[in-house]
Amino acid sequence: MRGLQGCDGSIMLKSRSKKGERDAKPMSYSLRGFHEVERIKAKLEDECPLTVSCADIIIMAARDAVYLTNGPRFPVETGRRDGKVSSCVDAENDLAPPNANIVDLKTYFSVKNLSWKDLVVLSGSHTIGRAQCNAFAPDRLYNNSGKGVQDPTLDKAYAPELRERCEPGNEKDETRVDMDPKSPYEFDLSYYRDVLSNRTLFVSDQALLDDKLTRDYVARMAAAESTEEYFHDYAAAMINMGRMEVLTGDNGEIRKICSAYVD
């Protein structure tokens, strides 16, 4: 199997047969804003045709989104080229699902040459954004481990709030819930306090407490009075992820339209 590629813009590719990366469950539950990438690409094509890749646009847009929510400003490397293949199967096999345990999470990251620290630091991105009920409610609220019960690790006072938003038994529930309800539009340390208080949406968030290294980091960030250390760590982790299996030189292409069809 070819396997999921790295930072090559392949997430933007469309598939008429619904077999592209963006059709995979981990993606379809969470990713939006494709039109914004296309809008940026169109402006760039007007100014400097076939010069800036979709892959570079995505990484720079992520950087700016973090900064605009009062997160760190950090340099990003450019020069990536765009991949030509996008596979739903590869995405579902190679990306950690929202119900992954800590052993699986560390394995998924390790395969891509990312460390346990990259894992716990990048998980902090959940301080911004929303998640669909169908991505977390089955495992956290209604059928944990297939037993028809609520996840016992979920805060007992927080669970009723989530149940009010997410219908039981509705696997297509696209209602969106803030991942960090205290400050959903602020890039801060609230996520780590939520993890420590058992008030997160995903099993994979809660799983950070099941390993000493990740748990200690969560506890340190939850108690931190300043974001300085975390912002430094986040910048480093983003750079690490941005180097993941990139295409350069004669490999790949620079697409004129990011959301081209692969079939």
# chains A, B, ... in the order shown; residues from 1 in each chain; ligands from 1
>>> closest_atom_pairs(of="range 141-215 of chain A", to="range 113-118 of chain A", cutoff="10 Å", atoms="only C-alpha atoms", output="CSV")
residue,atom,partner,partner_atom,distance
A:Leu208,CA,A:Trp116,CA,9.8
A:Asp211,CA,A:Trp116,CA,9.6
A:Leu213,CA,A:Trp116,CA,7.7
A:Thr214,CA,A:Trp116,CA,7.0
>>> select_by_dssp(residues="range 5-250 of chain A", states="strand (DSSP E)", output="list in words")
Arg130, Ala131, Gln132, Arg176, Val177 and Asp178 of chain A
>>> write_last_selection(atoms="N, CA and C atoms", output="PDB file, in the first residue's frame")
ATOM      1  N   ARG A 130     -14.352  23.663  16.224  1.00  0.00           N
ATOM      2  CA  ARG A 130     -15.510  22.886  16.663  1.00  0.00           C
ATOM      3  C   ARG A 130     -15.458  21.481  16.066  1.00  0.00           C
ATOM      4  N   ALA A 131     -16.184  20.585  16.695  1.00  0.00           N
ATOM      5  CA  ALA A 131     -16.252  19.204  16.215  1.00  0.00           C
ATOM      6  C   ALA A 131     -17.705  18.798  16.042  1.00  0.00           C
ATOM      7  N   GLN A 132     -17.968  17.961  15.044  1.00  0.00           N
ATOM      8  CA  GLN A 132     -19.312  17.452  14.835  1.00  0.00           C
ATOM      9  C   GLN A 132     -19.635  16.370  15.865  1.00  0.00           C
ATOM     10  N   ARG A 176     -22.347  21.066  15.562  1.00  0.00           N
ATOM     11  CA  ARG A 176     -20.967  21.378  15.917  1.00  0.00           C
ATOM     12  C   ARG A 176     -20.876  21.919  17.332  1.00  0.00           C
ATOM     13  N   VAL A 177     -19.891  21.437  18.044  1.00  0.00           N
ATOM     14  CA  VAL A 177     -19.672  21.803  19.444  1.00  0.00           C
ATOM     15  C   VAL A 177     -18.261  22.355  19.586  1.00  0.00           C
ATOM     16  N   ASP A 178     -18.122  23.437  20.343  1.00  0.00           N
ATOM     17  CA  ASP A 178     -16.796  24.011  20.573  1.00  0.00           C
ATOM     18  C   ASP A 178     -15.904  23.001  21.284  1.00  0.00           C
TER      19      ASP A 178
END
>>> select_by_dssp(residues="range 7-168 of chain A", states="alpha helix (DSSP H)", output="PyMOL selection string")
chain A and resi 25-28+34-47+54-68+88-94+102-111+116-123+133-137+158-165
>>> write_last_selection(atoms="C-alpha atoms", output="tab-separated table (two decimals), in the first residue's frame")
chain	number	residue	atom	x	y	z
A	25	LYS	CA	-14.12	9.97	7.99
A	26	PRO	CA	-11.37	11.76	9.94
A	27	MET	CA	-11.44	14.54	7.32
A	28	SER	CA	-15.14	14.78	6.54
A	34	PHE	CA	-11.35	24.62	1.29
A	35	HIS	CA	-12.83	27.65	-0.47
A	36	GLU	CA	-10.48	29.94	1.45
A	37	VAL	CA	-7.46	28.07	0.13
A	38	GLU	CA	-8.86	28.36	-3.40
A	39	ARG	CA	-9.46	32.08	-2.91
A	40	ILE	CA	-5.85	32.60	-1.85
A	41	LYS	CA	-4.62	30.44	-4.73
A	42	ALA	CA	-6.61	32.46	-7.27
A	43	LYS	CA	-5.05	35.70	-6.03
A	44	LEU	CA	-1.57	34.21	-6.23
A	45	GLU	CA	-2.17	32.86	-9.72
A	46	ASP	CA	-3.08	36.39	-10.84
A	47	GLU	CA	0.19	37.76	-9.47
A	54	CYS	CA	-1.28	24.50	-2.64
A	55	ALA	CA	0.80	22.66	-0.04
A	56	ASP	CA	2.62	25.87	0.90
A	57	ILE	CA	-0.62	27.84	0.99
A	58	ILE	CA	-2.12	25.39	3.48
A	59	ILE	CA	0.84	25.54	5.87
A	60	MET	CA	0.99	29.35	5.70
A	61	ALA	CA	-2.77	29.65	6.19
A	62	ALA	CA	-2.52	27.42	9.26
A	63	ARG	CA	0.26	29.61	10.65
A	64	ASP	CA	-1.77	32.78	10.09
A	65	ALA	CA	-4.94	31.26	11.57
A	66	VAL	CA	-3.02	30.47	14.76
A	67	TYR	CA	-1.55	33.97	14.90
A	68	LEU	CA	-4.92	35.66	14.30
A	88	CYS	CA	-9.67	7.89	1.18
A	89	VAL	CA	-8.42	4.43	2.15
A	90	ASP	CA	-4.91	5.67	2.92
A	91	ALA	CA	-6.27	8.53	5.01
A	92	GLU	CA	-8.47	6.22	7.08
A	93	ASN	CA	-5.62	3.75	7.59
A	94	ASP	CA	-2.86	6.26	8.36
A	102	ILE	CA	-2.41	6.60	23.68
A	103	VAL	CA	-0.47	3.60	22.36
A	104	ASP	CA	-2.08	3.95	18.95
A	105	LEU	CA	-1.63	7.72	18.94
A	106	LYS	CA	2.09	7.44	19.61
A	107	THR	CA	2.39	4.78	16.92
A	108	TYR	CA	0.60	6.89	14.31
A	109	PHE	CA	2.92	9.80	15.05
A	110	SER	CA	6.06	7.69	15.21
A	111	VAL	CA	5.43	6.25	11.75
A	116	TRP	CA	5.37	11.98	21.74
A	117	LYS	CA	6.03	15.67	22.36
A	118	ASP	CA	4.82	16.57	18.87
A	119	LEU	CA	1.69	14.57	19.70
A	120	VAL	CA	0.85	16.33	22.95
A	121	VAL	CA	1.82	19.77	21.65
A	122	LEU	CA	-0.11	19.54	18.38
A	123	SER	CA	-3.13	18.16	20.25
A	133	CYS	CA	-21.31	15.34	17.26
A	134	ASN	CA	-20.92	12.30	15.03
A	135	ALA	CA	-17.15	12.44	15.56
A	136	PHE	CA	-17.24	12.11	19.35
A	137	ALA	CA	-20.72	11.46	20.78
A	158	TYR	CA	-19.91	18.20	31.49
A	159	ALA	CA	-21.60	15.15	29.98
A	160	PRO	CA	-25.19	16.48	30.33
A	161	GLU	CA	-24.18	19.67	28.50
A	162	LEU	CA	-22.93	17.59	25.59
A	163	ARG	CA	-25.99	15.33	25.57
A	164	GLU	CA	-28.18	18.40	25.18
A	165	ARG	CA	-26.33	19.17	21.94
>>> residues_around(residues="Gly20 in chain A", least_positions_apart="5", cutoff="6 Å", atoms="only C-alpha atoms", output="mmCIF file with N, CA and C atoms, in the first residue's frame")
data_model
loop_
_atom_site.group_PDB
_atom_site.id
_atom_site.type_symbol
_atom_site.label_atom_id
_atom_site.label_comp_id
_atom_site.auth_asym_id
_atom_site.auth_seq_id
_atom_site.Cartn_x
_atom_site.Cartn_y
_atom_site.Cartn_z
ATOM 1 N N SER A 15 -12.620 14.024 -5.510
ATOM 2 C CA SER A 15 -12.849 12.733 -6.161
ATOM 3 C C SER A 15 -14.330 12.600 -6.487
ATOM 4 N N SER A 86 -4.715 11.215 -4.121
ATOM 5 C CA SER A 86 -5.465 11.452 -2.889
ATOM 6 C C SER A 86 -6.355 10.246 -2.637
ATOM 7 N N SER A 87 -6.127 9.552 -1.530
ATOM 8 C CA SER A 87 -6.809 8.282 -1.280
ATOM 9 C C SER A 87 -7.551 8.280 0.047
ATOM 10 N N CYS A 88 -8.839 8.030 -0.014
ATOM 11 C CA CYS A 88 -9.667 7.895 1.183
ATOM 12 C C CYS A 88 -9.177 6.734 2.047
#
>>> residues_around(residues="Gly148 in chain A", least_positions_apart="3", cutoff="12 Å", atoms="only C-alpha atoms", output="list in words")
Ala137, Pro138, Asp139, Arg140, Leu141, Tyr142, Asn143, Asn144, Ser145, Asp151, Pro152, Pro168 and Gly169 of chain A
>>> write_last_selection(atoms="C-alpha atoms", output="short mmCIF file (atom, residue, chain, number, x, y, z; two decimals), in the first residue's frame")
data_model
loop_
_atom_site.label_atom_id
_atom_site.label_comp_id
_atom_site.auth_asym_id
_atom_site.auth_seq_id
_atom_site.Cartn_x
_atom_site.Cartn_y
_atom_site.Cartn_z
CA ALA A 137 -20.72 11.46 20.78
CA PRO A 138 -20.88 7.70 20.07
CA ASP A 139 -17.65 6.97 21.98
CA ARG A 140 -17.89 9.61 24.69
CA LEU A 141 -21.60 9.84 25.43
CA TYR A 142 -23.59 6.80 24.35
CA ASN A 143 -21.64 3.68 23.41
CA ASN A 144 -18.17 3.73 24.92
CA SER A 145 -16.18 0.62 23.99
CA ASP A 151 -17.22 7.11 28.81
CA PRO A 152 -16.47 6.78 32.56
CA PRO A 168 -28.28 9.61 20.84
CA GLY A 169 -28.19 7.09 18.02
#
>>> residues_around(residues="range 254-256 of chain A", least_positions_apart="5", cutoff="8 Å", atoms="only C-alpha atoms", output="VMD selection string")
chain A and resid 41 45 49 to 54 81 to 82
>>> write_last_selection(atoms="C-alpha atoms", output="mmCIF file, in the first residue's frame")
data_model
loop_
_atom_site.group_PDB
_atom_site.id
_atom_site.type_symbol
_atom_site.label_atom_id
_atom_site.label_comp_id
_atom_site.auth_asym_id
_atom_site.auth_seq_id
_atom_site.Cartn_x
_atom_site.Cartn_y
_atom_site.Cartn_z
ATOM 1 C CA LYS A 41 -4.623 30.436 -4.726
ATOM 2 C CA GLU A 45 -2.169 32.861 -9.724
ATOM 3 C CA PRO A 49 1.258 31.974 -11.984
ATOM 4 C CA LEU A 50 2.306 28.417 -11.078
ATOM 5 C CA THR A 51 4.772 29.592 -8.438
ATOM 6 C CA VAL A 52 3.236 28.924 -5.006
ATOM 7 C CA SER A 53 1.974 25.406 -4.330
ATOM 8 C CA CYS A 54 -1.283 24.500 -2.644
ATOM 9 C CA ARG A 81 5.179 20.818 -4.422
ATOM 10 C CA ASP A 82 1.718 19.338 -4.755
#
>>> closest_atom_pairs(of="range 25-124 of chain A", to="range 179-186 of chain A", cutoff="8 Å", atoms="only C-alpha atoms", output="Markdown table")
| residue | atom | partner | partner_atom | distance |
| --- | --- | --- | --- | --- |
| A:Thr69 | CA | A:Glu186 | CA | 5.1 |
| A:Asn70 | CA | A:Glu186 | CA | 6.2 |
| A:Gly71 | CA | A:Glu186 | CA | 7.6 |
>>> residues_around(residues="Lys84 in chain A", least_positions_apart="3", cutoff="8 Å", atoms="only C-alpha atoms", output="VMD selection string")
chain A and resid 10 252 to 253 262
>>> closest_residue(among="A:Val203, A:Arg215, A:Pro72, A:Lys156", to="Asp233 in chain A", atoms="only C-alpha atoms")
A:Pro72
>>> closest_residue(among="A:Ser226, A:Ala96, A:Leu154, A:Gly79", to="Asp250 in chain A", atoms="only C-alpha atoms")
A:Gly79
>>> residues_around(residues="Leu209 in chain A", least_positions_apart="3", cutoff="12 Å", atoms="only C-alpha atoms", output="NGL selection string")
:A and (101-103 or 120 or 153 or 192-198 or 200 or 203-206 or 212-219)
>>> closest_residue(among="A:Ser30, A:Asn170, A:Ser190, A:Ser259", to="Thr227 in chain A", atoms="only C-alpha atoms")
A:Ser190
>>> closest_residue(among="A:Gly129, A:Leu247, A:Pro97, A:Met241", to="Gly33 in chain A", atoms="only C-alpha atoms")
A:Gly129
>>> decode(residues="range 125-175 of chain A", atoms="N, CA and C atoms", output="PDB file, in the first residue's frame")
ATOM      1  N   SER A 125      -3.868  22.130  19.484  1.00  0.00           N
ATOM      2  CA  SER A 125      -4.604  22.853  18.436  1.00  0.00           C
ATOM      3  C   SER A 125      -6.106  22.790  18.678  1.00  0.00           C
ATOM      4  N   HIS A 126      -6.545  21.826  19.473  1.00  0.00           N
ATOM      5  CA  HIS A 126      -7.965  21.699  19.783  1.00  0.00           C
ATOM      6  C   HIS A 126      -8.454  22.807  20.700  1.00  0.00           C
ATOM      7  N   THR A 127      -7.600  23.755  21.006  1.00  0.00           N
ATOM      8  CA  THR A 127      -8.042  24.934  21.745  1.00  0.00           C
ATOM      9  C   THR A 127      -8.894  25.842  20.866  1.00  0.00           C
ATOM     10  N   ILE A 128      -8.837  25.636  19.546  1.00  0.00           N
ATOM     11  CA  ILE A 128      -9.657  26.399  18.600  1.00  0.00           C
ATOM     12  C   ILE A 128     -10.506  25.426  17.789  1.00  0.00           C
ATOM     13  N   GLY A 129     -11.674  25.872  17.389  1.00  0.00           N
ATOM     14  CA  GLY A 129     -12.464  25.090  16.450  1.00  0.00           C
ATOM     15  C   GLY A 129     -13.606  24.320  17.086  1.00  0.00           C
ATOM     16  N   ARG A 130     -14.352  23.663  16.224  1.00  0.00           N
ATOM     17  CA  ARG A 130     -15.510  22.886  16.663  1.00  0.00           C
ATOM     18  C   ARG A 130     -15.458  21.481  16.066  1.00  0.00           C
ATOM     19  N   ALA A 131     -16.184  20.585  16.695  1.00  0.00           N
ATOM     20  CA  ALA A 131     -16.252  19.204  16.215  1.00  0.00           C
ATOM     21  C   ALA A 131     -17.705  18.798  16.042  1.00  0.00           C
ATOM     22  N   GLN A 132     -17.968  17.961  15.044  1.00  0.00           N
ATOM     23  CA  GLN A 132     -19.312  17.452  14.835  1.00  0.00           C
ATOM     24  C   GLN A 132     -19.635  16.370  15.865  1.00  0.00           C
ATOM     25  N   CYS A 133     -20.881  16.346  16.282  1.00  0.00           N
ATOM     26  CA  CYS A 133     -21.307  15.344  17.261  1.00  0.00           C
ATOM     27  C   CYS A 133     -20.990  13.925  16.801  1.00  0.00           C
ATOM     28  N   ASN A 134     -21.143  13.670  15.493  1.00  0.00           N
ATOM     29  CA  ASN A 134     -20.921  12.299  15.029  1.00  0.00           C
ATOM     30  C   ASN A 134     -19.473  11.862  15.132  1.00  0.00           C
ATOM     31  N   ALA A 135     -18.568  12.797  15.420  1.00  0.00           N
ATOM     32  CA  ALA A 135     -17.154  12.442  15.561  1.00  0.00           C
ATOM     33  C   ALA A 135     -16.797  12.017  16.980  1.00  0.00           C
ATOM     34  N   PHE A 136     -17.613  12.421  17.964  1.00  0.00           N
ATOM     35  CA  PHE A 136     -17.244  12.107  19.349  1.00  0.00           C
ATOM     36  C   PHE A 136     -18.364  11.529  20.196  1.00  0.00           C
ATOM     37  N   ALA A 137     -19.617  11.864  19.901  1.00  0.00           N
ATOM     38  CA  ALA A 137     -20.715  11.455  20.775  1.00  0.00           C
ATOM     39  C   ALA A 137     -20.853   9.944  20.938  1.00  0.00           C
ATOM     40  N   PRO A 138     -20.729   9.145  19.870  1.00  0.00           N
ATOM     41  CA  PRO A 138     -20.879   7.697  20.073  1.00  0.00           C
ATOM     42  C   PRO A 138     -19.916   7.140  21.118  1.00  0.00           C
ATOM     43  N   ASP A 139     -18.649   7.521  21.052  1.00  0.00           N
ATOM     44  CA  ASP A 139     -17.653   6.967  21.978  1.00  0.00           C
ATOM     45  C   ASP A 139     -17.692   7.616  23.351  1.00  0.00           C
ATOM     46  N   ARG A 140     -17.980   8.895  23.412  1.00  0.00           N
ATOM     47  CA  ARG A 140     -17.892   9.605  24.692  1.00  0.00           C
ATOM     48  C   ARG A 140     -19.208   9.615  25.467  1.00  0.00           C
ATOM     49  N   LEU A 141     -20.329   9.624  24.744  1.00  0.00           N
ATOM     50  CA  LEU A 141     -21.602   9.835  25.427  1.00  0.00           C
ATOM     51  C   LEU A 141     -22.510   8.614  25.494  1.00  0.00           C
ATOM     52  N   TYR A 142     -22.520   7.784  24.448  1.00  0.00           N
ATOM     53  CA  TYR A 142     -23.588   6.797  24.353  1.00  0.00           C
ATOM     54  C   TYR A 142     -23.166   5.338  24.208  1.00  0.00           C
ATOM     55  N   ASN A 143     -21.987   5.089  23.678  1.00  0.00           N
ATOM     56  CA  ASN A 143     -21.636   3.685  23.408  1.00  0.00           C
ATOM     57  C   ASN A 143     -20.136   3.462  23.565  1.00  0.00           C
ATOM     58  N   ASN A 144     -19.604   3.856  24.693  1.00  0.00           N
ATOM     59  CA  ASN A 144     -18.168   3.731  24.924  1.00  0.00           C
ATOM     60  C   ASN A 144     -17.741   2.270  24.913  1.00  0.00           C
ATOM     61  N   SER A 145     -16.710   1.981  24.125  1.00  0.00           N
ATOM     62  CA  SER A 145     -16.179   0.617  23.986  1.00  0.00           C
ATOM     63  C   SER A 145     -17.247  -0.379  23.556  1.00  0.00           C
ATOM     64  N   GLY A 146     -18.289   0.105  22.871  1.00  0.00           N
ATOM     65  CA  GLY A 146     -19.350  -0.775  22.386  1.00  0.00           C
ATOM     66  C   GLY A 146     -20.247  -1.321  23.475  1.00  0.00           C
ATOM     67  N   LYS A 147     -20.244  -0.692  24.660  1.00  0.00           N
ATOM     68  CA  LYS A 147     -20.989  -1.214  25.804  1.00  0.00           C
ATOM     69  C   LYS A 147     -22.288  -0.466  26.075  1.00  0.00           C
ATOM     70  N   GLY A 148     -22.618   0.519  25.222  1.00  0.00           N
ATOM     71  CA  GLY A 148     -23.865   1.248  25.406  1.00  0.00           C
ATOM     72  C   GLY A 148     -23.870   2.169  26.603  1.00  0.00           C
ATOM     73  N   VAL A 149     -22.691   2.612  27.022  1.00  0.00           N
ATOM     74  CA  VAL A 149     -22.596   3.472  28.203  1.00  0.00           C
ATOM     75  C   VAL A 149     -21.756   4.710  27.885  1.00  0.00           C
ATOM     76  N   GLN A 150     -21.831   5.677  28.785  1.00  0.00           N
ATOM     77  CA  GLN A 150     -21.011   6.881  28.690  1.00  0.00           C
ATOM     78  C   GLN A 150     -19.569   6.559  29.070  1.00  0.00           C
ATOM     79  N   ASP A 151     -18.628   7.255  28.454  1.00  0.00           N
ATOM     80  CA  ASP A 151     -17.218   7.106  28.813  1.00  0.00           C
ATOM     81  C   ASP A 151     -17.046   7.457  30.292  1.00  0.00           C
ATOM     82  N   PRO A 152     -16.590   6.517  31.115  1.00  0.00           N
ATOM     83  CA  PRO A 152     -16.472   6.779  32.555  1.00  0.00           C
ATOM     84  C   PRO A 152     -15.453   7.855  32.899  1.00  0.00           C
ATOM     85  N   THR A 153     -14.563   8.182  31.965  1.00  0.00           N
ATOM     86  CA  THR A 153     -13.568   9.215  32.252  1.00  0.00           C
ATOM     87  C   THR A 153     -14.105  10.622  32.003  1.00  0.00           C
ATOM     88  N   LEU A 154     -15.242  10.754  31.344  1.00  0.00           N
ATOM     89  CA  LEU A 154     -15.790  12.073  31.025  1.00  0.00           C
ATOM     90  C   LEU A 154     -16.383  12.718  32.270  1.00  0.00           C
ATOM     91  N   ASP A 155     -16.066  13.982  32.477  1.00  0.00           N
ATOM     92  CA  ASP A 155     -16.562  14.719  33.639  1.00  0.00           C
ATOM     93  C   ASP A 155     -18.088  14.615  33.732  1.00  0.00           C
ATOM     94  N   LYS A 156     -18.573  14.225  34.907  1.00  0.00           N
ATOM     95  CA  LYS A 156     -20.004  13.962  35.081  1.00  0.00           C
ATOM     96  C   LYS A 156     -20.860  15.213  34.927  1.00  0.00           C
ATOM     97  N   ALA A 157     -20.304  16.378  35.222  1.00  0.00           N
ATOM     98  CA  ALA A 157     -21.068  17.614  35.069  1.00  0.00           C
ATOM     99  C   ALA A 157     -21.066  18.107  33.624  1.00  0.00           C
ATOM    100  N   TYR A 158     -20.033  17.749  32.879  1.00  0.00           N
ATOM    101  CA  TYR A 158     -19.906  18.198  31.488  1.00  0.00           C
ATOM    102  C   TYR A 158     -20.743  17.347  30.541  1.00  0.00           C
ATOM    103  N   ALA A 159     -20.883  16.074  30.857  1.00  0.00           N
ATOM    104  CA  ALA A 159     -21.600  15.145  29.979  1.00  0.00           C
ATOM    105  C   ALA A 159     -23.030  15.595  29.665  1.00  0.00           C
ATOM    106  N   PRO A 160     -23.822  16.046  30.653  1.00  0.00           N
ATOM    107  CA  PRO A 160     -25.188  16.480  30.329  1.00  0.00           C
ATOM    108  C   PRO A 160     -25.227  17.651  29.349  1.00  0.00           C
ATOM    109  N   GLU A 161     -24.251  18.547  29.436  1.00  0.00           N
ATOM    110  CA  GLU A 161     -24.182  19.668  28.497  1.00  0.00           C
ATOM    111  C   GLU A 161     -24.012  19.153  27.071  1.00  0.00           C
ATOM    112  N   LEU A 162     -23.164  18.144  26.918  1.00  0.00           N
ATOM    113  CA  LEU A 162     -22.931  17.589  25.590  1.00  0.00           C
ATOM    114  C   LEU A 162     -24.140  16.811  25.085  1.00  0.00           C
ATOM    115  N   ARG A 163     -24.807  16.104  25.980  1.00  0.00           N
ATOM    116  CA  ARG A 163     -25.986  15.328  25.567  1.00  0.00           C
ATOM    117  C   ARG A 163     -27.118  16.241  25.092  1.00  0.00           C
ATOM    118  N   GLU A 164     -27.176  17.439  25.634  1.00  0.00           N
ATOM    119  CA  GLU A 164     -28.182  18.399  25.179  1.00  0.00           C
ATOM    120  C   GLU A 164     -27.945  18.816  23.730  1.00  0.00           C
ATOM    121  N   ARG A 165     -26.694  18.748  23.297  1.00  0.00           N
ATOM    122  CA  ARG A 165     -26.335  19.174  21.942  1.00  0.00           C
ATOM    123  C   ARG A 165     -26.357  18.016  20.943  1.00  0.00           C
ATOM    124  N   CYS A 166     -26.046  16.827  21.408  1.00  0.00           N
ATOM    125  CA  CYS A 166     -25.847  15.684  20.503  1.00  0.00           C
ATOM    126  C   CYS A 166     -26.904  14.607  20.731  1.00  0.00           C
ATOM    127  N   GLU A 167     -27.611  14.238  19.680  1.00  0.00           N
ATOM    128  CA  GLU A 167     -28.671  13.246  19.778  1.00  0.00           C
ATOM    129  C   GLU A 167     -28.107  11.832  19.920  1.00  0.00           C
ATOM    130  N   PRO A 168     -28.720  11.005  20.759  1.00  0.00           N
ATOM    131  CA  PRO A 168     -28.280   9.606  20.837  1.00  0.00           C
ATOM    132  C   PRO A 168     -28.707   8.839  19.593  1.00  0.00           C
ATOM    133  N   GLY A 169     -27.845   7.963  19.130  1.00  0.00           N
ATOM    134  CA  GLY A 169     -28.186   7.091  18.015  1.00  0.00           C
ATOM    135  C   GLY A 169     -28.178   7.739  16.648  1.00  0.00           C
ATOM    136  N   ASN A 170     -27.799   9.011  16.575  1.00  0.00           N
ATOM    137  CA  ASN A 170     -27.770   9.694  15.280  1.00  0.00           C
ATOM    138  C   ASN A 170     -26.335   9.783  14.785  1.00  0.00           C
ATOM    139  N   GLU A 171     -25.930   8.803  13.995  1.00  0.00           N
ATOM    140  CA  GLU A 171     -24.550   8.754  13.515  1.00  0.00           C
ATOM    141  C   GLU A 171     -24.261   9.800  12.444  1.00  0.00           C
ATOM    142  N   LYS A 172     -25.301  10.491  11.986  1.00  0.00           N
ATOM    143  CA  LYS A 172     -25.111  11.534  10.978  1.00  0.00           C
ATOM    144  C   LYS A 172     -25.290  12.937  11.564  1.00  0.00           C
ATOM    145  N   ASP A 173     -25.297  13.034  12.879  1.00  0.00           N
ATOM    146  CA  ASP A 173     -25.500  14.322  13.551  1.00  0.00           C
ATOM    147  C   ASP A 173     -24.313  15.248  13.286  1.00  0.00           C
ATOM    148  N   GLU A 174     -24.538  16.304  12.521  1.00  0.00           N
ATOM    149  CA  GLU A 174     -23.471  17.236  12.173  1.00  0.00           C
ATOM    150  C   GLU A 174     -23.486  18.500  13.031  1.00  0.00           C
ATOM    151  N   THR A 175     -24.236  18.467  14.129  1.00  0.00           N
ATOM    152  CA  THR A 175     -24.207  19.589  15.068  1.00  0.00           C
ATOM    153  C   THR A 175     -22.778  19.818  15.531  1.00  0.00           C
TER     154      THR A 175
END
